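File shown here: my_file_37.pdb, holding PDB, C-alpha atoms.
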```pdb
ATOM      1  CA  MET A1060     -21.660  48.663   6.712
ATOM      2  CA  GLN A1061     -22.702  45.428   5.096
ATOM      3  CA  ASN A1062     -21.512  42.052   6.287
ATOM      4  CA  GLN A1063     -18.660  40.767   4.184
ATOM      5  CA  LEU A1064     -17.714  37.143   3.738
ATOM      6  CA  SER A1065     -14.285  36.082   2.484
ATOM      7  CA  VAL A1066     -13.969  33.120   0.151
ATOM      8  CA  ILE A1067     -11.114  30.688   0.800
ATOM      9  CA  PRO A1068      -9.814  27.700  -1.185
ATOM     10  CA  LEU A1069     -11.731  24.467  -0.643
ATOM     11  CA  THR A1070      -9.913  21.517   0.897
ATOM     12  CA  ARG A1071     -11.129  18.150   2.118
ATOM     13  CA  GLU A1072      -9.965  18.878   5.647
ATOM     14  CA  ILE A1073     -11.626  22.267   5.992
ATOM     15  CA  PHE A1074     -14.897  21.032   4.498
ATOM     16  CA  GLU A1075     -15.113  17.950   6.712
ATOM     17  CA  PRO A1076     -17.736  19.410   9.113
ATOM     18  CA  PHE A1077     -20.086  20.024   6.178
ATOM     19  CA  GLY A1078     -19.616  16.960   3.981
ATOM     20  CA  ASP A1079     -17.316  15.491   1.344
ATOM     21  CA  VAL A1080     -15.035  16.960  -1.312
ATOM     22  CA  ILE A1081     -15.337  14.801  -4.443
ATOM     23  CA  GLU A1082     -11.964  14.827  -6.180
ATOM     24  CA  VAL A1083      -9.028  12.717  -7.312
ATOM     25  CA  SER A1084      -6.931  12.713  -4.172
ATOM     26  CA  GLU A1085      -4.116  10.722  -2.648
ATOM     27  CA  ALA A1086      -6.299  10.495   0.433
ATOM     28  CA  ALA A1087      -8.817   8.307  -1.389
ATOM     29  CA  GLU A1088      -8.801   4.524  -1.393
ATOM     30  CA  THR A1089      -7.665   3.609  -4.903
ATOM     31  CA  PHE A1090      -7.671   0.453  -7.003
ATOM     32  CA  SER A1091      -6.122  -0.316 -10.361
ATOM     33  CA  ILE A1092      -8.926  -1.791 -12.476
ATOM     34  CA  ASN A1093      -9.626  -2.764 -16.093
ATOM     35  CA  ASP A1094      -6.245  -4.486 -16.629
ATOM     36  CA  GLY A1095      -4.485  -1.297 -15.585
ATOM     37  CA  TYR A1096      -6.367   0.991 -17.980
ATOM     38  CA  ALA A1097      -8.222   2.781 -15.185
ATOM     39  CA  THR A1098      -7.784   3.806 -11.570
ATOM     40  CA  ARG A1099     -10.783   3.732  -9.257
ATOM     41  CA  TYR A1100     -10.898   6.486  -6.617
ATOM     42  CA  HIS A1101     -13.315   4.682  -4.386
ATOM     43  CA  ASP A1102     -16.306   5.797  -2.316
ATOM     44  CA  LEU A1103     -15.658   9.541  -2.284
ATOM     45  CA  ALA A1104     -18.918  10.724  -0.716
ATOM     46  CA  THR A1105     -21.603   9.427   1.623
ATOM     47  CA  ILE A1106     -25.044   9.405   0.030
ATOM     48  CA  GLU A1107     -27.679   9.830   2.758
ATOM     49  CA  ILE A1108     -31.281   8.855   2.028
ATOM     50  CA  TYR A1109     -33.869   9.199   4.810
ATOM     51  CA  GLY A1110     -37.658   9.074   5.005
ATOM     52  CA  SER A1111     -40.370   6.884   3.566
ATOM     53  CA  GLY A1112     -39.985   6.082  -0.118
ATOM     54  CA  GLY A1113     -36.666   7.885  -0.459
ATOM     55  CA  ARG A1114     -34.316   6.935  -3.283
ATOM     56  CA  PRO A1115     -31.127   8.386  -4.777
ATOM     57  CA  LEU A1116     -31.518  10.497  -7.919
ATOM     58  CA  ILE A1117     -29.102  11.511 -10.657
ATOM     59  CA  ASN A1118     -29.856  14.944 -12.143
ATOM     60  CA  ILE A1119     -28.129  17.718 -14.035
ATOM     61  CA  PHE A1120     -28.375  21.331 -12.843
ATOM     62  CA  ARG A1121     -27.628  23.983 -15.452
ATOM     63  CA  GLY A1122     -26.583  27.027 -13.445
ATOM     64  CA  ARG A1123     -26.428  30.681 -14.486
ATOM     65  CA  SER A1124     -24.379  33.365 -12.773
ATOM     66  CA  ARG A1125     -26.003  35.822 -10.385
ATOM     67  CA  PRO A1126     -25.366  39.584 -10.471
ATOM     68  CA  LEU A1127     -22.160  40.834  -8.858
ATOM     69  CA  PRO A1128     -21.427  41.461  -6.090
ATOM     70  CA  LEU A1129     -22.749  38.086  -4.954
ATOM     71  CA  LYS A1130     -25.168  38.497  -2.063
ATOM     72  CA  ILE A1131     -26.075  35.778   0.409
ATOM     73  CA  HIS A1132     -29.624  36.552   1.473
ATOM     74  CA  MET A1133     -30.896  33.092   2.381
ATOM     75  CA  MET A1134     -29.767  29.553   3.069
ATOM     76  CA  GLU A1135     -31.413  26.191   2.517
ATOM     77  CA  ARG A1136     -31.039  22.660   3.837
ATOM     78  CA  HIS A1137     -32.307  19.182   3.023
ATOM     79  CA  PRO A1138     -33.484  17.246   6.092
ATOM     80  CA  LEU A1139     -34.021  13.960   4.235
ATOM     81  CA  GLY A1140     -30.774  13.510   2.380
ATOM     82  CA  SER A1141     -27.359  14.581   1.197
ATOM     83  CA  GLN A1142     -26.852  16.548  -2.025
ATOM     84  CA  ALA A1143     -23.744  16.240  -4.221
ATOM     85  CA  PHE A1144     -22.661  18.797  -6.847
ATOM     86  CA  VAL A1145     -20.012  17.676  -9.339
ATOM     87  CA  PRO A1146     -19.042  20.100 -12.136
ATOM     88  CA  LEU A1147     -19.138  18.714 -15.686
ATOM     89  CA  HIS A1148     -16.470  21.263 -16.642
ATOM     90  CA  ARG A1149     -13.246  22.614 -15.149
ATOM     91  CA  ASN A1150     -14.448  25.967 -13.800
ATOM     92  CA  PRO A1151     -14.214  26.895 -10.136
ATOM     93  CA  PHE A1152     -17.478  27.544  -8.319
ATOM     94  CA  VAL A1153     -18.348  28.993  -4.925
ATOM     95  CA  ILE A1154     -19.857  27.250  -1.915
ATOM     96  CA  VAL A1155     -21.422  28.905   1.144
ATOM     97  CA  VAL A1156     -22.326  26.703   4.109
ATOM     98  CA  ALA A1157     -23.304  26.891   7.763
ATOM     99  CA  PRO A1158     -23.477  24.197  10.450
ATOM    100  CA  GLU A1159     -26.599  22.113  11.024
ATOM    101  CA  GLY A1160     -29.061  23.042  13.743
ATOM    102  CA  GLU A1161     -30.890  26.365  14.038
ATOM    103  CA  PHE A1162     -29.339  28.852  11.629
ATOM    104  CA  ALA A1163     -26.965  30.941  13.743
ATOM    105  CA  GLY A1164     -26.754  34.117  11.663
ATOM    106  CA  PRO A1165     -24.226  35.525   9.214
ATOM    107  CA  ASP A1166     -21.291  34.945  11.554
ATOM    108  CA  SER A1167     -21.852  31.213  11.140
ATOM    109  CA  LEU A1168     -21.300  31.281   7.351
ATOM    110  CA  SER A1169     -18.213  29.856   5.640
ATOM    111  CA  ALA A1170     -17.438  30.401   1.939
ATOM    112  CA  PHE A1171     -15.130  28.335  -0.263
ATOM    113  CA  ILE A1172     -13.995  28.328  -3.870
ATOM    114  CA  THR A1173     -13.147  25.106  -5.706
ATOM    115  CA  ASN A1174     -10.010  24.569  -7.774
ATOM    116  CA  GLY A1175     -11.979  23.516 -10.864
ATOM    117  CA  ASN A1176     -11.504  19.781 -10.247
ATOM    118  CA  GLN A1177     -13.581  19.466  -7.109
ATOM    119  CA  GLY A1178     -17.182  18.621  -6.381
ATOM    120  CA  VAL A1179     -18.871  18.674  -2.998
ATOM    121  CA  ASN A1180     -21.450  16.607  -1.156
ATOM    122  CA  TYR A1181     -23.486  18.493   1.443
ATOM    123  CA  ARG A1182     -24.336  16.299   4.374
ATOM    124  CA  ARG A1183     -28.025  16.111   5.327
ATOM    125  CA  ASN A1184     -29.182  19.255   7.192
ATOM    126  CA  ILE A1185     -26.109  21.323   6.367
ATOM    127  CA  TRP A1186     -27.218  24.867   5.504
ATOM    128  CA  HIS A1187     -26.003  25.979   2.067
ATOM    129  CA  PHE A1188     -26.604  28.660  -0.497
ATOM    130  CA  PRO A1189     -27.844  27.428  -3.898
ATOM    131  CA  LEU A1190     -25.476  26.850  -6.813
ATOM    132  CA  LEU A1191     -23.064  29.756  -7.378
ATOM    133  CA  VAL A1192     -21.411  29.612 -10.802
ATOM    134  CA  LEU A1193     -18.809  32.125 -11.921
ATOM    135  CA  GLY A1194     -18.458  33.600 -15.389
ATOM    136  CA  ASP A1195     -20.881  34.533 -18.115
ATOM    137  CA  THR A1196     -21.867  31.147 -19.497
ATOM    138  CA  SER A1197     -24.260  28.629 -18.024
ATOM    139  CA  GLN A1198     -22.534  25.619 -16.478
ATOM    140  CA  ASP A1199     -23.695  22.063 -15.894
ATOM    141  CA  PHE A1200     -23.300  20.024 -12.718
ATOM    142  CA  LEU A1201     -24.192  16.441 -11.958
ATOM    143  CA  ILE A1202     -26.346  16.322  -8.829
ATOM    144  CA  ILE A1203     -26.885  13.224  -6.702
ATOM    145  CA  ASP A1204     -29.631  13.841  -4.179
ATOM    146  CA  ARG A1205     -32.752  12.336  -2.653
ATOM    147  CA  GLY A1206     -36.091  11.842  -4.363
ATOM    148  CA  GLY A1207     -39.410  10.562  -3.075
ATOM    149  CA  GLU A1208     -42.227  11.804  -0.914
ATOM    150  CA  GLY A1209     -41.703  14.213   1.966
ATOM    151  CA  ASP A1210     -40.618  17.837   2.259
ATOM    152  CA  ASN A1211     -36.860  17.801   1.693
ATOM    153  CA  CYS A1212     -36.148  21.535   1.430
ATOM    154  CA  GLU A1213     -36.176  24.157   4.178
ATOM    155  CA  GLU A1214     -35.297  27.760   3.448
ATOM    156  CA  HIS A1215     -34.177  30.456   5.842
ATOM    157  CA  TYR A1216     -34.371  34.052   4.574
ATOM    158  CA  PHE A1217     -32.193  36.656   6.276
ATOM    159  CA  ASP A1218     -33.417  39.947   7.605
ATOM    160  CA  LYS A1219     -32.007  42.900   5.709
ATOM    161  CA  ASP A1220     -29.183  43.594   8.162
ATOM    162  CA  SER A1221     -27.895  40.019   7.871
ATOM    163  CA  VAL A1222     -27.373  39.948   4.104
ATOM    164  CA  CYS A1223     -23.707  39.184   3.284
ATOM    165  CA  ILE A1224     -21.564  40.329   0.361
ATOM    166  CA  LEU A1225     -19.128  37.722  -0.905
ATOM    167  CA  LYS A1226     -15.523  38.944  -1.290
ATOM    168  CA  LEU A1227     -14.136  36.894  -4.161
TER     169      LEU A1227
ATOM    170  CA  MET B 250     -11.260 -12.486 -41.044
ATOM    171  CA  GLN B 251     -11.807 -10.865 -37.683
ATOM    172  CA  ASN B 252     -15.186  -9.788 -36.438
ATOM    173  CA  GLN B 253     -15.728  -6.090 -36.908
ATOM    174  CA  LEU B 254     -18.068  -3.931 -34.891
ATOM    175  CA  SER B 255     -19.272  -0.550 -36.122
ATOM    176  CA  VAL B 256     -19.692   2.330 -33.683
ATOM    177  CA  ILE B 257     -22.782   4.503 -34.044
ATOM    178  CA  PRO B 258     -23.849   7.738 -32.322
ATOM    179  CA  LEU B 259     -25.454   7.286 -28.919
ATOM    180  CA  THR B 260     -29.057   8.364 -28.461
ATOM    181  CA  ARG B 261     -31.487   7.918 -25.587
ATOM    182  CA  GLU B 262     -33.873   5.920 -27.746
ATOM    183  CA  ILE B 263     -31.314   3.466 -29.109
ATOM    184  CA  PHE B 264     -29.772   2.901 -25.677
ATOM    185  CA  GLU B 265     -33.089   2.289 -23.919
ATOM    186  CA  PRO B 266     -32.717  -1.554 -23.800
ATOM    187  CA  PHE B 267     -29.433  -1.162 -21.922
ATOM    188  CA  GLY B 268     -30.062   1.724 -19.542
ATOM    189  CA  ASP B 269     -30.125   5.507 -19.399
ATOM    190  CA  VAL B 270     -28.353   8.279 -21.285
ATOM    191  CA  ILE B 271     -27.491  11.032 -18.798
ATOM    192  CA  GLU B 272     -27.671  14.344 -20.639
ATOM    193  CA  VAL B 273     -29.407  17.698 -20.843
ATOM    194  CA  SER B 274     -32.369  16.814 -23.020
ATOM    195  CA  GLU B 275     -35.758  18.190 -23.892
ATOM    196  CA  ALA B 276     -37.091  14.748 -23.046
ATOM    197  CA  ALA B 277     -36.205  15.214 -19.381
ATOM    198  CA  GLU B 278     -38.572  16.531 -16.729
ATOM    199  CA  THR B 279     -37.263  20.020 -15.967
ATOM    200  CA  PHE B 280     -37.823  22.580 -13.249
ATOM    201  CA  SER B 281     -36.683  26.163 -12.895
ATOM    202  CA  ILE B 282     -35.057  26.400  -9.459
ATOM    203  CA  ASN B 283     -32.950  28.838  -7.411
ATOM    204  CA  ASP B 284     -35.051  31.911  -8.329
ATOM    205  CA  GLY B 285     -34.478  31.169 -12.006
ATOM    206  CA  TYR B 286     -30.679  30.895 -11.753
ATOM    207  CA  ALA B 287     -30.670  27.163 -12.465
ATOM    208  CA  THR B 288     -32.637  24.542 -14.372
ATOM    209  CA  ARG B 289     -33.020  21.084 -12.886
ATOM    210  CA  TYR B 290     -33.030  18.205 -15.385
ATOM    211  CA  HIS B 291     -34.660  15.751 -13.068
ATOM    212  CA  ASP B 292     -34.137  12.047 -12.368
ATOM    213  CA  LEU B 293     -32.089  11.144 -15.435
ATOM    214  CA  ALA B 294     -31.101   7.598 -14.477
ATOM    215  CA  THR B 295     -32.391   4.735 -12.350
ATOM    216  CA  ILE B 296     -29.942   3.719  -9.638
ATOM    217  CA  GLU B 297     -30.429   0.017  -8.851
ATOM    218  CA  ILE B 298     -29.091  -1.385  -5.567
ATOM    219  CA  TYR B 299     -29.704  -5.053  -4.755
ATOM    220  CA  GLY B 300     -28.381  -7.503  -2.188
ATOM    221  CA  SER B 301     -27.681  -7.438   1.512
ATOM    222  CA  GLY B 302     -25.883  -4.331   2.725
ATOM    223  CA  GLY B 303     -25.875  -2.664  -0.666
ATOM    224  CA  ARG B 304     -25.525   1.111  -0.875
ATOM    225  CA  PRO B 305     -24.896   3.624  -3.663
ATOM    226  CA  LEU B 306     -21.314   4.853  -4.098
ATOM    227  CA  ILE B 307     -19.831   7.935  -5.737
ATOM    228  CA  ASN B 308     -16.389   7.311  -7.263
ATOM    229  CA  ILE B 309     -14.082   8.761  -9.894
ATOM    230  CA  PHE B 310     -12.536   6.511 -12.551
ATOM    231  CA  ARG B 311      -9.417   7.895 -14.255
ATOM    232  CA  GLY B 312      -9.291   6.072 -17.595
ATOM    233  CA  ARG B 313      -6.388   5.632 -19.995
ATOM    234  CA  SER B 314      -6.684   4.786 -23.675
ATOM    235  CA  ARG B 315      -6.093   1.238 -24.915
ATOM    236  CA  PRO B 316      -3.943   0.397 -27.965
ATOM    237  CA  LEU B 317      -5.540   0.835 -31.371
ATOM    238  CA  PRO B 318      -7.309  -0.865 -32.989
ATOM    239  CA  LEU B 319      -9.622  -1.307 -30.020
ATOM    240  CA  LYS B 320     -10.333  -4.993 -29.403
ATOM    241  CA  ILE B 321     -13.315  -6.335 -27.516
ATOM    242  CA  HIS B 322     -12.121  -9.570 -25.948
ATOM    243  CA  MET B 323     -14.371  -9.789 -22.893
ATOM    244  CA  MET B 324     -17.500  -8.342 -21.344
ATOM    245  CA  GLU B 325     -18.560  -7.818 -17.745
ATOM    246  CA  ARG B 326     -21.798  -7.279 -15.858
ATOM    247  CA  HIS B 327     -22.913  -6.300 -12.375
ATOM    248  CA  PRO B 328     -25.704  -8.510 -10.986
ATOM    249  CA  LEU B 329     -26.295  -6.408  -7.859
ATOM    250  CA  GLY B 330     -26.634  -2.912  -9.262
ATOM    251  CA  SER B 331     -26.552  -0.343 -12.000
ATOM    252  CA  GLN B 332     -23.380   1.555 -12.912
ATOM    253  CA  ALA B 333     -23.360   5.123 -14.237
ATOM    254  CA  PHE B 334     -20.434   6.751 -16.099
ATOM    255  CA  VAL B 335     -20.534  10.537 -16.460
ATOM    256  CA  PRO B 336     -17.539  12.266 -18.106
ATOM    257  CA  LEU B 337     -15.982  15.176 -16.196
ATOM    258  CA  HIS B 338     -14.830  16.638 -19.527
ATOM    259  CA  ARG B 339     -16.287  17.134 -22.988
ATOM    260  CA  ASN B 340     -14.632  14.277 -24.870
ATOM    261  CA  PRO B 341     -16.587  11.523 -26.596
ATOM    262  CA  PHE B 342     -16.082   7.988 -25.324
ATOM    263  CA  VAL B 343     -17.094   4.572 -26.600
ATOM    264  CA  ILE B 344     -19.597   2.119 -25.119
ATOM    265  CA  VAL B 345     -19.975  -1.560 -25.988
ATOM    266  CA  VAL B 346     -22.969  -3.439 -24.593
ATOM    267  CA  ALA B 347     -24.911  -6.676 -24.978
ATOM    268  CA  PRO B 348     -28.325  -7.723 -23.640
ATOM    269  CA  GLU B 349     -28.755  -9.353 -20.250
ATOM    270  CA  GLY B 350     -28.990 -13.108 -19.925
ATOM    271  CA  GLU B 351     -26.368 -15.594 -21.078
ATOM    272  CA  PHE B 352     -23.845 -13.812 -23.268
ATOM    273  CA  ALA B 353     -24.900 -14.545 -26.857
ATOM    274  CA  GLY B 354     -21.621 -14.058 -28.701
ATOM    275  CA  PRO B 355     -20.127 -11.257 -30.768
ATOM    276  CA  ASP B 356     -23.243 -10.856 -32.906
ATOM    277  CA  SER B 357     -25.060  -9.616 -29.808
ATOM    278  CA  LEU B 358     -22.703  -6.655 -29.286
ATOM    279  CA  SER B 359     -23.691  -3.029 -29.918
ATOM    280  CA  ALA B 360     -21.190  -0.159 -29.904
ATOM    281  CA  PHE B 361     -21.930   3.554 -29.453
ATOM    282  CA  ILE B 362     -19.974   6.780 -29.304
ATOM    283  CA  THR B 363     -21.098   9.710 -27.157
ATOM    284  CA  ASN B 364     -21.314  13.312 -28.361
ATOM    285  CA  GLY B 365     -19.111  14.605 -25.537
ATOM    286  CA  ASN B 366     -22.039  15.773 -23.405
ATOM    287  CA  GLN B 367     -23.506  12.377 -22.573
ATOM    288  CA  GLY B 368     -23.061   9.913 -19.768
ATOM    289  CA  VAL B 369     -24.613   6.464 -19.508
ATOM    290  CA  ASN B 370     -26.093   4.291 -16.797
ATOM    291  CA  TYR B 371     -25.836   0.535 -17.397
ATOM    292  CA  ARG B 372     -28.835  -1.276 -16.009
ATOM    293  CA  ARG B 373     -28.108  -4.173 -13.666
ATOM    294  CA  ASN B 374     -26.932  -7.295 -15.541
ATOM    295  CA  ILE B 375     -26.312  -5.515 -18.842
ATOM    296  CA  TRP B 376     -23.076  -6.832 -20.365
ATOM    297  CA  HIS B 377     -20.591  -4.054 -21.113
ATOM    298  CA  PHE B 378     -16.944  -3.569 -21.940
ATOM    299  CA  PRO B 379     -14.925  -1.539 -19.404
ATOM    300  CA  LEU B 380     -14.290   2.171 -19.853
ATOM    301  CA  LEU B 381     -13.077   3.090 -23.375
ATOM    302  CA  VAL B 382     -11.545   6.551 -23.516
ATOM    303  CA  LEU B 383     -10.281   8.102 -26.742
ATOM    304  CA  GLY B 384      -7.170  10.242 -27.142
ATOM    305  CA  ASP B 385      -3.805  10.302 -25.486
ATOM    306  CA  THR B 386      -4.584  11.838 -22.109
ATOM    307  CA  SER B 387      -6.177  10.175 -19.123
ATOM    308  CA  GLN B 388      -9.771  11.220 -18.548
ATOM    309  CA  ASP B 389     -11.923  11.315 -15.437
ATOM    310  CA  PHE B 390     -15.477  10.035 -15.071
ATOM    311  CA  LEU B 391     -17.866  10.195 -12.154
ATOM    312  CA  ILE B 392     -19.157   6.702 -11.402
ATOM    313  CA  ILE B 393     -22.300   5.945  -9.404
ATOM    314  CA  ASP B 394     -22.494   2.256  -8.615
ATOM    315  CA  ARG B 395     -23.199  -0.226  -5.848
ATOM    316  CA  GLY B 396     -21.004  -0.950  -2.853
ATOM    317  CA  GLY B 397     -21.353  -3.462  -0.059
ATOM    318  CA  GLU B 398     -20.875  -7.162   0.438
ATOM    319  CA  GLY B 399     -21.522  -9.692  -2.326
ATOM    320  CA  ASP B 400     -19.877 -10.477  -5.667
ATOM    321  CA  ASN B 401     -21.044  -7.734  -8.014
ATOM    322  CA  CYS B 402     -18.829  -8.402 -11.042
ATOM    323  CA  GLU B 403     -19.021 -11.256 -13.549
ATOM    324  CA  GLU B 404     -16.648 -11.429 -16.488
ATOM    325  CA  HIS B 405     -17.012 -13.361 -19.722
ATOM    326  CA  TYR B 406     -13.831 -13.824 -21.796
ATOM    327  CA  PHE B 407     -14.223 -14.570 -25.495
ATOM    328  CA  ASP B 408     -12.573 -17.420 -27.315
ATOM    329  CA  LYS B 409     -10.019 -16.217 -29.862
ATOM    330  CA  ASP B 410     -12.398 -16.419 -32.834
ATOM    331  CA  SER B 411     -14.924 -14.177 -31.115
ATOM    332  CA  VAL B 412     -12.671 -11.178 -30.482
ATOM    333  CA  CYS B 413     -14.069  -8.048 -32.209
ATOM    334  CA  ILE B 414     -12.278  -5.084 -33.710
ATOM    335  CA  LEU B 415     -14.025  -1.745 -33.194
ATOM    336  CA  LYS B 416     -14.471   0.325 -36.357
ATOM    337  CA  LEU B 417     -14.367   3.919 -35.134
TER     338      LEU B 417
END
```

Rendering of file as structure tokens:
Amino acid sequence: MQNQLSVIPLTREIFEPFGDVIEVSEAAETFSINDGYATRYHDLATIEIYGSGGRPLINIFRGRSRPLPLKIHMMERHPLGSQAFVPLHRNPFVIVVAPEGEFAGPDSLSAFITNGNQGVNYRRNIWHFPLLVLGDTSQDFLIIDRGGEGDNCEEHYFDKDSVCILKL
Amino acid sequence: MQNQLSVIPLTREIFEPFGDVIEVSEAAETFSINDGYATRYHDLATIEIYGSGGRPLINIFRGRSRPLPLKIHMMERHPLGSQAFVPLHRNPFVIVVAPEGEFAGPDSLSAFITNGNQGVNYRRNIWHFPLLVLGDTSQDFLIIDRGGEGDNCEEHYFDKDSVCILKL
């Protein structure tokens, strides 16, 4: 029988070991700005930039859906910086993470689904599956990550018996 | 008669003196990533962080519309860093900017409207009016700007004869 992985709703509290949830939240420090015409939800994620010549980048990822059922067959991590994914739309997306350190196998995976108004910021070295969009259309995300010299991506491919099926 | 300011469509080329347009564009460096399930539009804006203890921040601004007609009665600038505004929706918004240096009066203003799929990044010291959303509902934007000690906001208020009315 294949490994199955249940997907649960994303919250700030449950995601804390892996990074930040980027959302309008009462938990955020807020300021009224612009003569009252805007509210600033302040400092929602920690951008980490390590290594020689590193600098923060702003990018857009245009993601396409993978075949169903969704299979988790590898994980990746970025040893030199954090990576934030903020949807430029209101569609939920799926996040699969595992703690930092040596990858501890499929039992160490956690899977979350956003509520459509949430982005995430993976802390440096947190294992994660690449972008998982739902639905038939391509979807854009703003990505804030680290640029500059150095190898900032490590991949870990599972053996066949460790592949997980996501239960949405 | 009051000063009037026409609003024209935003393009990367026309905005170049003021900063970056953050959008999916053929002009961007692109990579196919994630086994072909995503396209990376790479390094779309230059994040500038100056001054002691400065660091990049990720924030959300929730903007509310101002009374019509829109009046430009002041401008602000950030001497210690850039500031990016990326809409978390598909609604156009309006941008009013002026070149860096001493503010040169209402004749130095330029006004642009986005196509709904564009964000902007104001370069350090570029004069700009605060967030201008259109429509009746509040709208969220992801903001990447500079945090840390130091005074990073200068405001210039116009005399009464210099106030501009935006022609949408």

message: Would you mind listing, as a PyMOL selection string, all residues of chain B that have at least one atom within 8 Å of chain A, where all atoms listed in the file are what counts?
response: chain B and resi 272-273+283+286-296+305-315+336-339+379-380

Write a file of the just-selected residues containing C-alpha atoms, as a CSV table (one decimal), in the frame of the given file.
```csv
chain,number,residue,atom,x,y,z
B,272,GLU,CA,-27.7,14.3,-20.6
B,273,VAL,CA,-29.4,17.7,-20.8
B,283,ASN,CA,-33.0,28.8,-7.4
B,286,TYR,CA,-30.7,30.9,-11.8
B,287,ALA,CA,-30.7,27.2,-12.5
B,288,THR,CA,-32.6,24.5,-14.4
B,289,ARG,CA,-33.0,21.1,-12.9
B,290,TYR,CA,-33.0,18.2,-15.4
B,291,HIS,CA,-34.7,15.8,-13.1
B,292,ASP,CA,-34.1,12.0,-12.4
B,293,LEU,CA,-32.1,11.1,-15.4
B,294,ALA,CA,-31.1,7.6,-14.5
B,295,THR,CA,-32.4,4.7,-12.4
B,296,ILE,CA,-29.9,3.7,-9.6
B,305,PRO,CA,-24.9,3.6,-3.7
B,306,LEU,CA,-21.3,4.9,-4.1
B,307,ILE,CA,-19.8,7.9,-5.7
B,308,ASN,CA,-16.4,7.3,-7.3
B,309,ILE,CA,-14.1,8.8,-9.9
B,310,PHE,CA,-12.5,6.5,-12.6
B,311,ARG,CA,-9.4,7.9,-14.3
B,312,GLY,CA,-9.3,6.1,-17.6
B,313,ARG,CA,-6.4,5.6,-20.0
B,314,SER,CA,-6.7,4.8,-23.7
B,315,ARG,CA,-6.1,1.2,-24.9
B,336,PRO,CA,-17.5,12.3,-18.1
B,337,LEU,CA,-16.0,15.2,-16.2
B,338,HIS,CA,-14.8,16.6,-19.5
B,339,ARG,CA,-16.3,17.1,-23.0
B,379,PRO,CA,-14.9,-1.5,-19.4
B,380,LEU,CA,-14.3,2.2,-19.9
```

query: Neighbours of range 327-330 of chain B within 6 Å (only C-alpha atoms; same-chain residues fewer than 4 positions away dropped), as a ChimeraX atom specification?
result: /B:297-299,373-374,395,401-402

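Across the model, the gap from CA of Phe1077 in chain A to CA of Val1156 in chain A is 7.3 Å.
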
- prompt: So which residues touch range 318-323 of chain B within 12 Å, counting all atoms listed in the file, skipping near sequence neighbours fewer than 6 positions away, as a PyMOL selection string?
  reply: (chain A and resi 1093-1094) or (chain B and resi 251-256+343-347+352+354-355+358-360+376-383+403-417)

Selection from above, C-alpha atoms, as a JSON list (two decimals), in the coordinates of the input, can you write it?
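Output below, filename selection_28.json:
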```
[["chain", "number", "residue", "atom", "x", "y", "z"],
["A", 1093, "ASN", "CA", -9.63, -2.76, -16.09],
["A", 1094, "ASP", "CA", -6.24, -4.49, -16.63],
["B", 251, "GLN", "CA", -11.81, -10.86, -37.68],
["B", 252, "ASN", "CA", -15.19, -9.79, -36.44],
["B", 253, "GLN", "CA", -15.73, -6.09, -36.91],
["B", 254, "LEU", "CA", -18.07, -3.93, -34.89],
["B", 255, "SER", "CA", -19.27, -0.55, -36.12],
["B", 256, "VAL", "CA", -19.69, 2.33, -33.68],
["B", 343, "VAL", "CA", -17.09, 4.57, -26.60],
["B", 344, "ILE", "CA", -19.60, 2.12, -25.12],
["B", 345, "VAL", "CA", -19.98, -1.56, -25.99],
["B", 346, "VAL", "CA", -22.97, -3.44, -24.59],
["B", 347, "ALA", "CA", -24.91, -6.68, -24.98],
["B", 352, "PHE", "CA", -23.84, -13.81, -23.27],
["B", 354, "GLY", "CA", -21.62, -14.06, -28.70],
["B", 355, "PRO", "CA", -20.13, -11.26, -30.77],
["B", 358, "LEU", "CA", -22.70, -6.66, -29.29],
["B", 359, "SER", "CA", -23.69, -3.03, -29.92],
["B", 360, "ALA", "CA", -21.19, -0.16, -29.90],
["B", 376, "TRP", "CA", -23.08, -6.83, -20.36],
["B", 377, "HIS", "CA", -20.59, -4.05, -21.11],
["B", 378, "PHE", "CA", -16.94, -3.57, -21.94],
["B", 379, "PRO", "CA", -14.92, -1.54, -19.40],
["B", 380, "LEU", "CA", -14.29, 2.17, -19.85],
["B", 381, "LEU", "CA", -13.08, 3.09, -23.38],
["B", 382, "VAL", "CA", -11.54, 6.55, -23.52],
["B", 383, "LEU", "CA", -10.28, 8.10, -26.74],
["B", 403, "GLU", "CA", -19.02, -11.26, -13.55],
["B", 404, "GLU", "CA", -16.65, -11.43, -16.49],
["B", 405, "HIS", "CA", -17.01, -13.36, -19.72],
["B", 406, "TYR", "CA", -13.83, -13.82, -21.80],
["B", 407, "PHE", "CA", -14.22, -14.57, -25.50],
["B", 408, "ASP", "CA", -12.57, -17.42, -27.32],
["B", 409, "LYS", "CA", -10.02, -16.22, -29.86],
["B", 410, "ASP", "CA", -12.40, -16.42, -32.83],
["B", 411, "SER", "CA", -14.92, -14.18, -31.12],
["B", 412, "VAL", "CA", -12.67, -11.18, -30.48],
["B", 413, "CYS", "CA", -14.07, -8.05, -32.21],
["B", 414, "ILE", "CA", -12.28, -5.08, -33.71],
["B", 415, "LEU", "CA", -14.02, -1.74, -33.19],
["B", 416, "LYS", "CA", -14.47, 0.32, -36.36],
["B", 417, "LEU", "CA", -14.37, 3.92, -35.13]]
```

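The interatomic distance for the pair CA of Leu1069 in chain A and CA of Phe334 in chain B works out to 25.1 Å.
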
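Relative to CA of Phe361 in chain B, CA of Ile257 in chain B is found at 4.8 Å.
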
To verify the selection step, state as a CSV table (one decimal) with C-alpha atoms, in the frame of the given file which residues the PyMOL selection byres ((chain B and resi 399) around 9) yields on this input.
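See selection-v7.csv below for the written result:
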```
chain,number,residue,atom,x,y,z
B,300,GLY,CA,-28.4,-7.5,-2.2
B,301,SER,CA,-27.7,-7.4,1.5
B,302,GLY,CA,-25.9,-4.3,2.7
B,303,GLY,CA,-25.9,-2.7,-0.7
B,329,LEU,CA,-26.3,-6.4,-7.9
B,396,GLY,CA,-21.0,-1.0,-2.9
B,397,GLY,CA,-21.4,-3.5,-0.1
B,398,GLU,CA,-20.9,-7.2,0.4
B,400,ASP,CA,-19.9,-10.5,-5.7
B,401,ASN,CA,-21.0,-7.7,-8.0
```
